[in-house]
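Student: Input coords23.txt, format and content: compact mmCIF, N, CA and C atoms and all ligand atoms.
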```txt
# COMPACT_ATOMS: atom_id res chain seq x y z
N MET A 1 9.54 29.99 39.95
CA MET A 1 10.31 28.81 39.57
C MET A 1 9.80 28.24 38.26
N ALA A 2 10.73 27.98 37.39
CA ALA A 2 10.36 27.42 36.10
C ALA A 2 10.86 25.99 36.01
N SER A 3 9.93 25.11 35.84
CA SER A 3 10.32 23.70 35.73
C SER A 3 10.05 23.22 34.32
N ASN A 4 11.09 22.82 33.67
CA ASN A 4 10.94 22.32 32.31
C ASN A 4 10.97 20.80 32.29
N THR A 5 10.00 20.24 31.68
CA THR A 5 9.94 18.78 31.59
C THR A 5 10.33 18.34 30.19
N ASN A 6 11.42 17.71 30.10
CA ASN A 6 11.88 17.23 28.80
C ASN A 6 11.43 15.79 28.59
N ARG A 7 10.69 15.62 27.56
CA ARG A 7 10.24 14.26 27.24
C ARG A 7 10.72 13.87 25.84
N TYR A 8 11.07 12.65 25.72
CA TYR A 8 11.44 12.14 24.40
C TYR A 8 10.16 11.83 23.63
N GLN A 9 10.03 12.50 22.53
CA GLN A 9 8.84 12.26 21.72
C GLN A 9 9.06 11.04 20.85
N GLN A 10 8.39 9.99 21.25
CA GLN A 10 8.52 8.75 20.49
C GLN A 10 7.50 8.72 19.35
N GLN A 11 8.02 8.76 18.17
CA GLN A 11 7.14 8.73 17.01
C GLN A 11 6.95 7.29 16.55
N GLN A 12 5.72 6.90 16.52
CA GLN A 12 5.43 5.54 16.11
C GLN A 12 5.35 5.47 14.58
N GLN A 13 6.40 5.00 13.99
CA GLN A 13 6.46 4.94 12.53
C GLN A 13 6.60 3.51 12.04
N GLN A 14 6.17 2.58 12.85
CA GLN A 14 6.37 1.19 12.48
C GLN A 14 5.46 0.78 11.31
N PHE A 15 4.41 1.57 11.10
CA PHE A 15 3.50 1.24 10.01
C PHE A 15 3.77 2.11 8.79
N GLU A 16 4.94 2.66 8.72
CA GLU A 16 5.26 3.59 7.64
C GLU A 16 5.23 2.89 6.28
N ASN A 17 5.64 1.64 6.26
CA ASN A 17 5.71 0.93 4.99
C ASN A 17 4.35 0.38 4.55
N PHE A 18 3.38 0.47 5.42
CA PHE A 18 2.08 -0.05 5.07
C PHE A 18 1.20 1.06 4.51
N THR A 19 0.20 0.66 3.78
CA THR A 19 -0.74 1.64 3.26
C THR A 19 -1.61 2.17 4.40
N ALA A 20 -1.80 3.46 4.41
CA ALA A 20 -2.51 4.09 5.52
C ALA A 20 -3.98 3.68 5.53
N SER A 21 -4.52 3.39 4.37
CA SER A 21 -5.93 3.10 4.29
C SER A 21 -6.24 1.70 4.82
N ALA A 22 -7.46 1.51 5.24
CA ALA A 22 -7.90 0.21 5.73
C ALA A 22 -9.18 -0.18 5.01
N LEU A 23 -9.26 -1.43 4.65
CA LEU A 23 -10.44 -1.92 3.96
C LEU A 23 -11.11 -3.02 4.77
N TYR A 24 -12.38 -3.21 4.50
CA TYR A 24 -13.12 -4.23 5.23
C TYR A 24 -12.78 -5.61 4.70
N CYS A 25 -12.44 -6.50 5.60
CA CYS A 25 -12.09 -7.87 5.22
C CYS A 25 -13.23 -8.78 5.65
N GLU A 26 -13.70 -9.61 4.72
CA GLU A 26 -14.82 -10.49 5.03
C GLU A 26 -14.39 -11.61 5.98
N LYS A 27 -13.17 -12.07 5.81
CA LYS A 27 -12.71 -13.17 6.67
C LYS A 27 -12.47 -12.69 8.10
N CYS A 28 -11.84 -11.53 8.22
CA CYS A 28 -11.56 -10.99 9.55
C CYS A 28 -12.80 -10.30 10.14
N ARG A 29 -13.76 -9.99 9.26
CA ARG A 29 -14.98 -9.30 9.67
C ARG A 29 -14.66 -8.00 10.40
N ALA A 30 -13.73 -7.27 9.87
CA ALA A 30 -13.34 -5.98 10.45
C ALA A 30 -12.56 -5.19 9.42
N ALA A 31 -12.45 -3.91 9.66
CA ALA A 31 -11.64 -3.06 8.79
C ALA A 31 -10.18 -3.28 9.14
N MET A 32 -9.47 -3.88 8.19
CA MET A 32 -8.07 -4.24 8.44
C MET A 32 -7.14 -3.37 7.60
N PRO A 33 -5.96 -3.07 8.11
CA PRO A 33 -4.95 -2.39 7.29
C PRO A 33 -4.52 -3.29 6.15
N VAL A 34 -4.28 -2.70 5.01
CA VAL A 34 -4.02 -3.49 3.82
C VAL A 34 -2.63 -3.20 3.27
N ARG A 35 -2.12 -4.16 2.53
CA ARG A 35 -0.85 -3.98 1.82
C ARG A 35 -1.14 -3.83 0.34
N GLU A 36 -0.43 -2.91 -0.28
CA GLU A 36 -0.62 -2.67 -1.70
C GLU A 36 0.35 -3.54 -2.49
N ARG A 37 -0.18 -4.31 -3.43
CA ARG A 37 0.67 -5.20 -4.21
C ARG A 37 0.37 -5.02 -5.69
N LEU A 38 1.41 -4.88 -6.47
CA LEU A 38 1.24 -4.71 -7.90
C LEU A 38 0.73 -6.00 -8.53
N LEU A 39 -0.42 -5.91 -9.16
CA LEU A 39 -1.06 -7.12 -9.69
C LEU A 39 -0.88 -7.25 -11.19
N LEU A 40 -1.11 -6.15 -11.91
CA LEU A 40 -1.07 -6.22 -13.37
C LEU A 40 -0.53 -4.91 -13.95
N ILE A 41 0.33 -5.06 -14.95
CA ILE A 41 0.92 -3.89 -15.58
C ILE A 41 0.37 -3.74 -16.99
N LEU A 42 -0.26 -2.61 -17.26
CA LEU A 42 -0.78 -2.32 -18.59
C LEU A 42 -0.08 -1.09 -19.13
N PRO A 43 -0.12 -0.88 -20.45
CA PRO A 43 0.58 0.26 -21.04
C PRO A 43 0.13 1.61 -20.48
N ASP A 44 -1.16 1.72 -20.15
CA ASP A 44 -1.67 3.02 -19.70
C ASP A 44 -2.06 3.02 -18.24
N ARG A 45 -2.02 1.89 -17.61
CA ARG A 45 -2.41 1.83 -16.20
C ARG A 45 -1.79 0.62 -15.53
N GLU A 46 -1.84 0.66 -14.22
CA GLU A 46 -1.34 -0.47 -13.45
C GLU A 46 -2.35 -0.79 -12.36
N ILE A 47 -2.62 -2.06 -12.20
CA ILE A 47 -3.63 -2.49 -11.25
C ILE A 47 -2.96 -3.02 -9.99
N PHE A 48 -3.39 -2.46 -8.86
CA PHE A 48 -2.84 -2.89 -7.59
C PHE A 48 -3.87 -3.73 -6.85
N ASP A 49 -3.37 -4.69 -6.12
CA ASP A 49 -4.23 -5.55 -5.33
C ASP A 49 -3.98 -5.26 -3.85
N TYR A 50 -5.07 -5.11 -3.11
CA TYR A 50 -4.95 -4.84 -1.69
C TYR A 50 -5.12 -6.13 -0.90
N LEU A 51 -4.10 -6.45 -0.13
CA LEU A 51 -4.13 -7.68 0.66
C LEU A 51 -4.29 -7.35 2.13
N CYS A 52 -5.16 -8.10 2.79
CA CYS A 52 -5.36 -7.93 4.23
C CYS A 52 -4.09 -8.34 4.97
N THR A 53 -3.66 -7.49 5.89
CA THR A 53 -2.45 -7.82 6.64
C THR A 53 -2.72 -8.89 7.70
N GLY A 54 -4.01 -9.14 7.96
CA GLY A 54 -4.35 -10.13 8.98
C GLY A 54 -4.36 -11.54 8.44
N CYS A 55 -5.03 -11.74 7.30
CA CYS A 55 -5.14 -13.10 6.76
C CYS A 55 -4.51 -13.23 5.38
N GLY A 56 -4.18 -12.10 4.75
CA GLY A 56 -3.49 -12.15 3.47
C GLY A 56 -4.41 -12.29 2.27
N SER A 57 -5.72 -12.25 2.48
CA SER A 57 -6.65 -12.38 1.37
C SER A 57 -6.84 -11.03 0.68
N SER A 58 -7.25 -11.09 -0.58
CA SER A 58 -7.47 -9.88 -1.35
C SER A 58 -8.77 -9.23 -0.93
N VAL A 59 -8.71 -7.95 -0.60
CA VAL A 59 -9.91 -7.26 -0.14
C VAL A 59 -10.31 -6.13 -1.08
N GLY A 60 -9.52 -5.92 -2.13
CA GLY A 60 -9.88 -4.86 -3.07
C GLY A 60 -8.80 -4.64 -4.09
N GLN A 61 -9.16 -3.90 -5.14
CA GLN A 61 -8.20 -3.58 -6.18
C GLN A 61 -8.29 -2.10 -6.52
N ARG A 62 -7.26 -1.62 -7.15
CA ARG A 62 -7.22 -0.22 -7.51
C ARG A 62 -6.43 -0.04 -8.79
N GLU A 63 -6.95 0.79 -9.67
CA GLU A 63 -6.24 1.07 -10.91
C GLU A 63 -5.52 2.41 -10.80
N VAL A 64 -4.27 2.39 -11.16
CA VAL A 64 -3.48 3.61 -11.15
C VAL A 64 -3.10 3.95 -12.58
N THR A 65 -3.62 5.07 -13.07
CA THR A 65 -3.31 5.46 -14.44
C THR A 65 -1.93 6.09 -14.51
N ALA A 66 -1.50 6.33 -15.72
CA ALA A 66 -0.16 6.87 -15.92
C ALA A 66 -0.02 8.24 -15.26
N GLY A 67 -1.11 8.99 -15.23
CA GLY A 67 -1.05 10.31 -14.62
C GLY A 67 -0.84 10.25 -13.12
N GLU A 68 -1.41 9.23 -12.50
CA GLU A 68 -1.29 9.11 -11.05
C GLU A 68 0.00 8.42 -10.65
N LYS A 69 0.66 7.84 -11.63
CA LYS A 69 1.82 7.01 -11.31
C LYS A 69 2.91 7.82 -10.61
N SER A 70 3.07 9.06 -11.03
CA SER A 70 4.14 9.87 -10.46
C SER A 70 3.88 10.18 -8.99
N MET A 71 2.62 10.09 -8.59
CA MET A 71 2.28 10.41 -7.21
C MET A 71 2.41 9.20 -6.31
N THR A 72 2.59 8.07 -6.87
CA THR A 72 2.68 6.86 -6.07
C THR A 72 4.13 6.54 -5.76
N GLN A 73 4.50 6.67 -4.52
CA GLN A 73 5.89 6.44 -4.15
C GLN A 73 6.22 4.96 -4.17
N ALA A 74 5.23 4.14 -4.01
CA ALA A 74 5.48 2.70 -3.96
C ALA A 74 6.01 2.19 -5.30
N MET A 75 5.78 2.95 -6.36
CA MET A 75 6.19 2.50 -7.67
C MET A 75 7.70 2.32 -7.76
N ALA A 76 8.42 3.12 -7.02
CA ALA A 76 9.88 3.05 -7.08
C ALA A 76 10.36 1.70 -6.59
N GLU A 77 9.64 1.13 -5.65
CA GLU A 77 10.05 -0.16 -5.12
C GLU A 77 9.56 -1.29 -6.02
N ARG A 78 8.33 -1.14 -6.49
CA ARG A 78 7.74 -2.22 -7.28
C ARG A 78 8.39 -2.34 -8.65
N ARG A 79 8.99 -1.24 -9.10
CA ARG A 79 9.49 -1.22 -10.47
C ARG A 79 10.59 -2.25 -10.67
N ALA A 80 11.23 -2.64 -9.60
CA ALA A 80 12.31 -3.61 -9.72
C ALA A 80 11.79 -4.98 -10.14
N ARG A 81 10.54 -5.25 -9.78
CA ARG A 81 9.97 -6.56 -10.12
C ARG A 81 9.18 -6.44 -11.42
N ARG A 82 9.69 -7.05 -12.43
CA ARG A 82 9.00 -7.04 -13.71
C ARG A 82 8.57 -8.44 -14.09
N GLY A 83 7.29 -8.60 -14.34
CA GLY A 83 6.77 -9.91 -14.71
C GLY A 83 6.35 -9.93 -16.15
N PRO A 84 5.97 -11.09 -16.62
CA PRO A 84 5.54 -11.26 -18.02
C PRO A 84 4.15 -10.70 -18.26
N LEU A 85 3.49 -10.19 -17.23
CA LEU A 85 2.13 -9.71 -17.39
C LEU A 85 2.07 -8.42 -18.20
N GLY A 86 3.19 -7.74 -18.33
CA GLY A 86 3.18 -6.47 -19.03
C GLY A 86 3.23 -6.62 -20.54
N VAL A 87 3.37 -7.82 -21.01
CA VAL A 87 3.49 -8.05 -22.44
C VAL A 87 2.10 -8.15 -23.07
N LEU A 88 1.84 -7.30 -24.04
CA LEU A 88 0.57 -7.33 -24.74
C LEU A 88 0.82 -7.54 -26.23
N PRO A 89 -0.12 -8.16 -26.94
CA PRO A 89 0.02 -8.41 -28.39
C PRO A 89 0.05 -7.11 -29.19
ZN ZN B 101 -8.37 -10.47 6.75
```
Can you give me the file's structure in the form of C-alpha cells?

Tutor:
Amino acid sequence: MASNTNRYQQQQQQFENFTASALYCEKCRAAMPVRERLLLILPDREIFDYLCTGCGSSVGQREVTAGEKSMTQAMAERRARRGPLGVLP
C-alpha cells in the first residue's frame, strides 16, 4: 500500500522586503533585523543607513560604490526618491 501525504508547503516570505542581515542594536541589546535606508548620494558612491526594526535607531552604515550598485536590487525602489543631498559644488 502506498500512502501519499500531500502537504501545502507554506513558504514564509513575510520578511522578503527586509534586509536579511541583522546587526547588534545597543538599545534593544540584541541582534535585530535591520532596514536599509538611503542616507546620502554621492557621484561615485551611495551611503546606506541601517535602522533597527525594533526601535528605529541607526545601528550601522554601509557605502555602496558605483560598481556594487548594479547588484543592489533595493536601488530600483530608492531611485524614485531624490533629495538635495546629491548636489555637490
Ligand atoms: Zn533596536

Student: Using only C-alpha atoms, which protein or nucleic acid residues come within 12 Å of Gly60 in chain A? Drop anything in the same chain fewer than 6 positions from it, and give the result as a PyMOL selection string.

Tutor: chain A and resi 21-26+32-37+39+47-52

Student: Report the closest atom pair, with its distance in Å rounded to one decimal, for each residue of chain A that has an atom no farther than 5 Å from ligand ZN 101 (chain B); count all atoms listed in the file, sort by chain and then rising residue number, and write it as CSV.

Tutor:
```
residue,atom,partner,partner_atom,distance
A:Cys25,CA,B:ZN101,ZN,4.8
A:Lys27,C,B:ZN101,ZN,4.9
A:Cys28,N,B:ZN101,ZN,3.9
A:Cys52,CA,B:ZN101,ZN,4.7
A:Gly54,C,B:ZN101,ZN,4.5
A:Cys55,N,B:ZN101,ZN,3.6
A:Gly56,N,B:ZN101,ZN,4.9
```

Student: Do you have the CA of Arg62 in chain A-CA of Asp44 in chain A distance handy?

Tutor: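 Taking CA of Arg62 in chain A as the start and CA of Asp44 in chain A as the end point, the length is 13.8 Å.
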
Student: In Å, rounded to a single decimal, give me how far CA of Ala31 in chain A is from CA of Val64 in chain A.

Tutor: 22.6 Å

Student: Between CA of Gln61 in chain A and CA of Arg29 in chain A, what is the spacing in Å?

Tutor: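 Between these atoms lies a distance of 18.2 Å.
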